[in-house]
Structure formats: structure tokens, C-alpha cells
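One structure is given below, encoded as C-alpha cells.
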Amino acid sequence: MTALGSGGTPCGCGCGSAPDLPDDPPYGGGPCGPGPCGGEELPVNPFLALRVAFGMLLGEDDFRVLMGNPRGKLMLHNAWPHGSGVIWGLGVARDGDELRVLPGLAVDGLGRELTLEAAWCVSLTAWAREWIEAHPPQQGPQAPAGRTPAADGTEPDPPRRHTVEAWILAESATCPDRPVPALADPCDVTRRHDDFSRIVETARITVRATAPAPWRPYHRVRVLLGLDEAAPGDTAGQEALREAAEVARVPAHRRAPALLAAFRRLAAADATALAPERAEGDMCPPWAPVTEDHAPVALARLTVEVTEYDRCVRIEEVRADPSVRTAVLPATTVQELVCALAPGIIGAAAEADAGGPRLIRDSLAWSREHTVLSFEVTAPLAAGSAEPEGIEITSLSGSGRGWATDEVAGIRVSADGLRVKVDLDQRPAYETVRVRVRGTGPKPLYGRHPHAPFAGLEGGPPGTADEGNDAVVTVHLPRQAAPGGPRNDAQ
């Protein structure tokens, strides 16, 4: 990623600077303003620990292993189980010509804590001028820069408006601090007599043309819970869709354990397929979920309206959208959010389903020119319980003529009690047909074993031993052509 611009911090900084190292260029440094903030690496060894013994001579590399192991363990835990995002603060606001990022704390994709102790500021005009210089307007070959190709070459161009969209990111930065005297080899002509004794960890704010790709693992689980879409060729997503359909068929009072079982199966498959991202040419096995290029934390999407007139730049409207950021919630907050779902789950579990038959929605079929309706149920029906009063069929006119009641002539139940055929006197009067199979009222359908009222649609709310549920399905039938011309509601 190429930075469009970044700012020093005239507002102050929490880390010191060393006068004997070169300053950062304007708009190119970290939050420490002029100073040596940059890429000083701290050791990270999550799987390498120091083993000491009495009398062992320890050198610089041993101390790097000693402090790199706990640091690496912490970063490993931050990156994988928690993920990156903003913990607190880091608000983005405009103050006149300045764009400010306020103090705050975040964790990046490599598990490093990014702290901004003082506000980061950048001049919007200077940043916009830098952007325009990087994106010059397309002109003809004879047109001088900044002038129109017509007239006498003395008139300035008309004002040009630009809409610049960029992303404000927080990245990891380190600042060497507190130089102290150090031993040096007298034979080394490049020797230094002092060196930095501290590394201050901070955050560098940059404004970039593109945002880092979000890390969204566990695709199957996200599809199961409706957070991701599953394309036709998405094998993992289609697997999750099938699991979701199976959970939806389970009665409501048993759906929570069914969802948990599906969640565990899909999460296990996702975890097995998950692997760290590799950078091109990376020979060492990576330990972090993403590479350095994808580690920054997105703070806001920035949209700036810029007017350029006769080489002058003016900032118009500035919009900073913080909704693109990911917030890292405390575990206690997550616990309370989960508890908010408990009343629905506990209430559903408190009502035990009596096990009455249920309508299998996909089994509805019409035959004999839409005068016979057939459907299947999940459990055998009791002999004699399927009377014409237990099934109602009505249809609605599309031209305002209202509802029509379509008479049920008779009901036939198969020998095993699992399939029902409904005979009508004639096809439904209109195209929008509403079918109601009764589990309530004086004469509902009843189950054989157990002997309980019809419980409604498959996957619906529980039905009790005293009162079941109605199953209502709406279908749309094609119009029937009348002799001599098409049939419509006005005939």
C-alpha cells in the first residue's frame, strides 16, 4: 500500500526524540513529529524461550529471546482469539483546516497494541495538494500545465472539483529513546559510543487510497448465522446453508441445542481450514493471521471535496465515517449481550412440544387442473380426524373483488397417515390462494402416535397436548384461460 500522506503531530507526543538521528520528512513520519520514529523492531519469539543454567554467559541475543517470548505470546493471543480493532478512542474530527485523530488504543492484525497519547494532526490543504500532484489532470499535448489549451494561454483553467476518498489507518510504530553510553570495539571505525536504551511503542496514523482487507475468518459459521452470503460455487458456504436449513426444520423448543451442534460442526471445519496469511516469497512459517500489509487498523473512511482553481486548493466538505472500524468488545460486554438472547431461548424451552403432526411445506402440490391439493405431514394422522372443516382454502382477487371461499369436497388420507389429498369442487376462483390446515378450533387434524393436535408448519412453535397450531401457506396459481379468450377477474 502506498501512503497518500501522513502527518506529524504538532499537538505533542509521548515519546522522546534523539537529536543525533535525522528528522522525518514533513507528512511522512509517525505521531512523534520530528524524531526517529520508524521501524525499530522489537523481538517476537512466541515459540522460543530462554533456558538458563548456573554460570551461563548471557549475551544480547539471549536477552532478546528472554523478552521476545512473552511479547510474542501476547501478540499471538491478541491476534488470533481476539482479532484487530479499536479498543477505545481514536475519534476522527475536523478542526478548521486540520484533520485530527484523537488519543486512543487499538490492536492491529499482528496483535500489537497501538497507543496514541496525543492528538495527531495534518493540514487538509497540504494533504489535498499532495494528492492532486500525485493525480494530475489529463490534458492535451499542447496545453501548458495549469492552463487551458484554448485562447491565448493567459486565462486560468476553470475551477476543477475533486472528490477524494481515502482511509485513515493506525499502524504500529516504535521510537528509540534514552541514549546511554555503550562499550564499543576500538578497532571498529563505525563504532558508536552511545546507543538507545528504550523502545517506545506508539501508533503511526496514515491516510491511504485503499483499506487493508478485513480479516473475517470462520466463513461457514458466518453463513450459518446469516452474516455472510454463499455463492453458488462456494462449497463451504453451501455446506453452512444446508446446516441452517436443517436447524430451521427443528421445532422451536429444540432449536437451541440443534443450532449449537451445527455451530460446533461448522466451527471445527472452519478452524481446520484456517491458516496464517503468507507474504510472497516468505520462507519462514508465519505465526500471525495476516501479513504486515494487512495489519493496520481502519479508523474511518475519509471523503473530501476539493476545489482546485489557478493552482490554488480549497477544501470544501469533509466527511469521516467511523462505522468502517471494528470495535474490540470486552468479554464482560459480550457476556451481557448473549444474556439478552436468553429470554427467547428459555421461553421456547419452557414449552414442550406435544409431538403433533406438522406440515412439510415443500410437499404441497396441485393436480387435476388445480382441483386436487396434496401435502405430507411429519407424523401419521389419526383415522377420522381429517374432516373438511379442518382445511380451509380461500383465494384473493387481484382486481379488488375481495376474497372467495373455495369449497372442500373431501379429504383423503393415505394408509400410513402421512399423505393427505384435498378434493375441491372446482379450482380456486383467483390466483392468490391461501391454504389453512387447522390445529386449533373444534375439529383440528390430530396425530395418531402421539395423540396430539396438529402442530403447524415444520419448524414452527411448539404445540401442546390441548391446543396445536394452524399451518398457513400462500401460493400463487397461474390464471385459467377461459374458452374464447383469457380469463380475468372481471369476467
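We name chains A, B, ... following the order of the C-alpha cells; residues begin at 1 in each chain, and ligands are numbered from 1 as shown.
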Hey, which bits of segment 87-200 of chain A sit within 12 Å of segment 305-328 of chain A, and for each residue what's the closest pair of atoms and how far apart in Å (one decimal), counting only C-alpha atoms, rows by chain and increasing number, as a Markdown table?
| residue | atom | partner | partner_atom | distance |
| --- | --- | --- | --- | --- |
| A:Ile87 | CA | A:Val328 | CA | 5.3 |
| A:Trp88 | CA | A:Ala327 | CA | 8.1 |
| A:Gly89 | CA | A:Ala327 | CA | 10.3 |
| A:Leu90 | CA | A:Pro322 | CA | 9.7 |
| A:Gly91 | CA | A:Pro322 | CA | 7.8 |
| A:Val92 | CA | A:Ala320 | CA | 6.7 |
| A:Ala93 | CA | A:Ala320 | CA | 7.3 |
| A:Arg94 | CA | A:Val318 | CA | 7.6 |
| A:Asp95 | CA | A:Val318 | CA | 10.6 |
| A:Gly96 | CA | A:Ile315 | CA | 9.8 |
| A:Asp97 | CA | A:Ile315 | CA | 7.8 |
| A:Glu98 | CA | A:Ile315 | CA | 10.5 |
| A:Leu99 | CA | A:Val318 | CA | 9.2 |
| A:Arg100 | CA | A:Ala320 | CA | 10.6 |
| A:Val101 | CA | A:Ala320 | CA | 10.7 |
| A:Leu105 | CA | A:Val328 | CA | 10.4 |
| A:Ala106 | CA | A:Val328 | CA | 8.3 |
| A:Val107 | CA | A:Val328 | CA | 8.4 |
| A:Asp108 | CA | A:Thr326 | CA | 10.6 |
| A:Gly109 | CA | A:Thr326 | CA | 11.5 |
| A:Ser123 | CA | A:Ile315 | CA | 10.3 |
| A:Leu124 | CA | A:Ile315 | CA | 7.1 |
| A:Thr125 | CA | A:Ile315 | CA | 6.4 |
| A:Ala126 | CA | A:Val313 | CA | 8.6 |
| A:Trp127 | CA | A:Val313 | CA | 10.1 |
| A:Ala128 | CA | A:Val306 | CA | 7.2 |
| A:Arg129 | CA | A:Val313 | CA | 6.5 |
| A:Glu130 | CA | A:Val313 | CA | 10.3 |
| A:Trp131 | CA | A:Val306 | CA | 10.2 |
| A:Ile132 | CA | A:Glu308 | CA | 8.7 |
| A:Glu133 | CA | A:Arg311 | CA | 10.5 |
| A:Pro136 | CA | A:Glu308 | CA | 11.3 |
| A:Pro137 | CA | A:Glu308 | CA | 10.8 |
| A:Ala145 | CA | A:Arg311 | CA | 9.7 |
| A:Gly146 | CA | A:Asp310 | CA | 6.7 |
| A:Arg147 | CA | A:Asp310 | CA | 8.2 |
| A:Thr148 | CA | A:Asp310 | CA | 10.6 |
| A:Thr154 | CA | A:Asp310 | CA | 11.1 |
| A:Glu155 | CA | A:Asp310 | CA | 9.1 |
| A:Pro156 | CA | A:Asp310 | CA | 5.5 |
| A:Asp157 | CA | A:Asp310 | CA | 6.3 |
| A:Pro158 | CA | A:Tyr309 | CA | 6.6 |
| A:Pro159 | CA | A:Tyr309 | CA | 4.5 |
| A:Arg160 | CA | A:Glu308 | CA | 5.2 |
| A:Arg161 | CA | A:Thr307 | CA | 4.5 |
| A:His162 | CA | A:Val306 | CA | 5.0 |
| A:Thr163 | CA | A:Glu305 | CA | 4.7 |
| A:Val164 | CA | A:Glu305 | CA | 6.4 |
| A:Glu165 | CA | A:Glu305 | CA | 9.0 |
| A:Ala166 | CA | A:Ala320 | CA | 9.6 |
| A:Trp167 | CA | A:Ala320 | CA | 9.1 |
| A:Ile168 | CA | A:Ala320 | CA | 8.9 |
| A:Leu169 | CA | A:Arg325 | CA | 9.6 |
| A:Ala170 | CA | A:Arg325 | CA | 10.8 |
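In terms of minimum interatomic distance to Asp423 of chain A, A:Pro388 ranks closest within A:Pro388, A:Gly402, A:Pro257, A:Gly460, counting only C-alpha atoms.
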Next item on the list: Return the single residue from A:Ala455, A:Leu299, A:Ala409, A:Ala79 that is closest to Ala352 of chain A, with distances computed using only C-alpha atoms.
Entry: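 Ranked by minimum distance to Ala352 of chain A, first place goes to A:Ala455.
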Contact residues around Arg419 of chain A with only C-alpha atoms at 7 Å, ignoring same-chain residues under 6 positions, as a compact mmCIF listing (two decimals) with N, CA and C atoms, in the first residue's frame:
# COMPACT_ATOMS: atom_id res chain seq x y z
N PHE A 375 -50.45 -32.86 0.24
CA PHE A 375 -49.31 -32.46 1.07
C PHE A 375 -48.96 -33.62 2.00
N GLU A 376 -47.77 -33.52 2.60
CA GLU A 376 -47.28 -34.55 3.51
C GLU A 376 -47.14 -33.96 4.91
N VAL A 377 -47.23 -34.84 5.91
CA VAL A 377 -47.06 -34.44 7.31
C VAL A 377 -45.94 -35.27 7.93
N VAL A 413 -56.81 -39.56 3.18
CA VAL A 413 -55.55 -39.76 3.89
C VAL A 413 -54.99 -41.12 3.51
Note to self: DSSP on the backbone: which residues in segment 213-435 of chain A end up as strand (DSSP E or B)? Give the answer as a PyMOL selection string.
What the structure shows: chain A and resi 297-309+312-321+327+359-367+372-377+381+391-396+403-406+408-413+419-424+432-435
Kindly export the residues of the current selection with C-alpha atoms, as a JSON list (two decimals), in the first residue's frame.
[["chain", "number", "residue", "atom", "x", "y", "z"],
["A", 297, "VAL", "CA", -6.44, -0.82, 11.79],
["A", 298, "ALA", "CA", -9.02, 1.16, 9.82],
["A", 299, "LEU", "CA", -10.28, 4.15, 11.80],
["A", 300, "ALA", "CA", -12.53, 5.93, 9.29],
["A", 301, "ARG", "CA", -13.36, 6.34, 5.63],
["A", 302, "LEU", "CA", -12.50, 9.88, 4.59],
["A", 303, "THR", "CA", -14.34, 11.73, 1.81],
["A", 304, "VAL", "CA", -13.03, 15.20, 0.92],
["A", 305, "GLU", "CA", -14.49, 17.61, -1.64],
["A", 306, "VAL", "CA", -11.60, 19.63, -3.11],
["A", 307, "THR", "CA", -11.76, 22.64, -5.45],
["A", 308, "GLU", "CA", -8.65, 23.48, -7.47],
["A", 309, "TYR", "CA", -8.54, 26.93, -9.12],
["A", 312, "CYS", "CA", -4.94, 27.09, -5.51],
["A", 313, "VAL", "CA", -6.50, 24.30, -3.46],
["A", 314, "ARG", "CA", -9.58, 24.82, -1.32],
["A", 315, "ILE", "CA", -11.17, 22.25, 0.97],
["A", 316, "GLU", "CA", -14.96, 22.13, 0.78],
["A", 317, "GLU", "CA", -16.86, 19.37, 2.58],
["A", 318, "VAL", "CA", -15.08, 16.77, 4.72],
["A", 319, "ARG", "CA", -16.80, 13.58, 5.88],
["A", 320, "ALA", "CA", -15.20, 10.99, 8.14],
["A", 321, "ASP", "CA", -17.22, 7.77, 8.51],
["A", 327, "ALA", "CA", -14.51, -2.40, 17.78],
["A", 359, "LEU", "CA", -47.00, -29.80, 7.54],
["A", 360, "ILE", "CA", -43.96, -30.24, 5.30],
["A", 361, "ARG", "CA", -44.16, -27.02, 3.32],
["A", 362, "ASP", "CA", -42.19, -28.18, 0.27],
["A", 363, "SER", "CA", -44.54, -31.14, -0.19],
["A", 364, "LEU", "CA", -47.54, -29.03, -1.32],
["A", 365, "ALA", "CA", -48.57, -29.97, -4.89],
["A", 366, "TRP", "CA", -51.55, -29.32, -7.15],
["A", 367, "SER", "CA", -53.00, -31.73, -9.72],
["A", 372, "VAL", "CA", -56.66, -31.51, -6.00],
["A", 373, "LEU", "CA", -54.18, -30.33, -3.37],
["A", 374, "SER", "CA", -51.81, -32.84, -1.74],
["A", 375, "PHE", "CA", -49.31, -32.46, 1.07],
["A", 376, "GLU", "CA", -47.28, -34.55, 3.51],
["A", 377, "VAL", "CA", -47.06, -34.44, 7.31],
["A", 381, "LEU", "CA", -52.71, -38.64, 11.28],
["A", 391, "ILE", "CA", -58.75, -27.49, 5.96],
["A", 392, "GLU", "CA", -59.76, -24.08, 4.61],
["A", 393, "ILE", "CA", -58.86, -22.77, 1.13],
["A", 394, "THR", "CA", -59.59, -19.17, 0.15],
["A", 395, "SER", "CA", -58.38, -17.01, -2.75],
["A", 396, "LEU", "CA", -57.96, -13.25, -3.21],
["A", 403, "TRP", "CA", -61.95, -12.99, -1.09],
["A", 404, "ALA", "CA", -63.61, -16.16, -2.33],
["A", 405, "THR", "CA", -64.11, -19.32, -0.26],
["A", 406, "ASP", "CA", -63.22, -22.42, -2.26],
["A", 408, "VAL", "CA", -63.52, -28.55, 0.06],
["A", 409, "ALA", "CA", -65.42, -31.57, -1.27],
["A", 410, "GLY", "CA", -63.49, -34.22, 0.64],
["A", 411, "ILE", "CA", -60.20, -35.24, 2.25],
["A", 412, "ARG", "CA", -58.34, -38.50, 1.63],
["A", 413, "VAL", "CA", -55.55, -39.76, 3.89],
["A", 419, "ARG", "CA", -50.03, -38.03, 2.95],
["A", 420, "VAL", "CA", -53.23, -36.01, 2.54],
["A", 421, "LYS", "CA", -55.20, -35.22, -0.64],
["A", 422, "VAL", "CA", -57.80, -32.43, -0.62],
["A", 423, "ASP", "CA", -60.52, -32.51, -3.31],
["A", 424, "LEU", "CA", -62.09, -29.17, -4.31],
["A", 432, "THR", "CA", -53.59, -15.79, -4.75],
["A", 433, "VAL", "CA", -54.57, -18.93, -2.80],
["A", 434, "ARG", "CA", -54.35, -19.24, 0.99],
["A", 435, "VAL", "CA", -54.33, -22.75, 2.49]]
Margin query: Please list as number ranges by chain every residue within 9 Å of Ala248 of chain A, counting only C-alpha atoms and excluding residues in the same chain fewer than 4 positions away.
Written below: A: 243-244, 252, 255, 259, 458-460
Emit the selected residues as a PDB file, in the first residue's frame, including N, CA and C atoms.
ATOM      1  N   GLU A 243     -26.847 -26.803   6.657  1.00  0.00           N
ATOM      2  CA  GLU A 243     -26.973 -26.933   8.110  1.00  0.00           C
ATOM      3  C   GLU A 243     -28.043 -25.974   8.648  1.00  0.00           C
ATOM      4  N   ALA A 244     -28.074 -24.743   8.115  1.00  0.00           N
ATOM      5  CA  ALA A 244     -29.073 -23.776   8.570  1.00  0.00           C
ATOM      6  C   ALA A 244     -30.486 -24.245   8.253  1.00  0.00           C
ATOM      7  N   ALA A 252     -39.178 -25.300  17.612  1.00  0.00           N
ATOM      8  CA  ALA A 252     -38.556 -24.164  18.290  1.00  0.00           C
ATOM      9  C   ALA A 252     -37.975 -24.538  19.646  1.00  0.00           C
ATOM     10  N   ARG A 255     -34.550 -26.056  19.113  1.00  0.00           N
ATOM     11  CA  ARG A 255     -33.693 -25.425  18.110  1.00  0.00           C
ATOM     12  C   ARG A 255     -32.356 -24.957  18.679  1.00  0.00           C
ATOM     13  N   LEU A 259     -28.908 -25.809  16.952  1.00  0.00           N
ATOM     14  CA  LEU A 259     -28.027 -24.762  16.441  1.00  0.00           C
ATOM     15  C   LEU A 259     -26.628 -24.906  17.018  1.00  0.00           C
ATOM     16  N   GLU A 458     -43.696 -27.286   9.810  1.00  0.00           N
ATOM     17  CA  GLU A 458     -42.447 -27.894  10.266  1.00  0.00           C
ATOM     18  C   GLU A 458     -41.482 -26.792  10.694  1.00  0.00           C
ATOM     19  N   GLY A 459     -40.918 -26.928  11.905  1.00  0.00           N
ATOM     20  CA  GLY A 459     -40.012 -25.927  12.436  1.00  0.00           C
ATOM     21  C   GLY A 459     -40.697 -24.784  13.142  1.00  0.00           C
ATOM     22  N   GLY A 460     -42.043 -24.813  13.270  1.00  0.00           N
ATOM     23  CA  GLY A 460     -42.780 -23.743  13.913  1.00  0.00           C
ATOM     24  C   GLY A 460     -42.768 -23.851  15.423  1.00  0.00           C
TER      25      GLY A 460
END
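With only C-alpha atoms as the atoms that count, the minimum distance from Pro181 of chain A to the choices A:Glu467, A:Glu113, A:Asp194, A:Asp416 is reached by A:Asp194.
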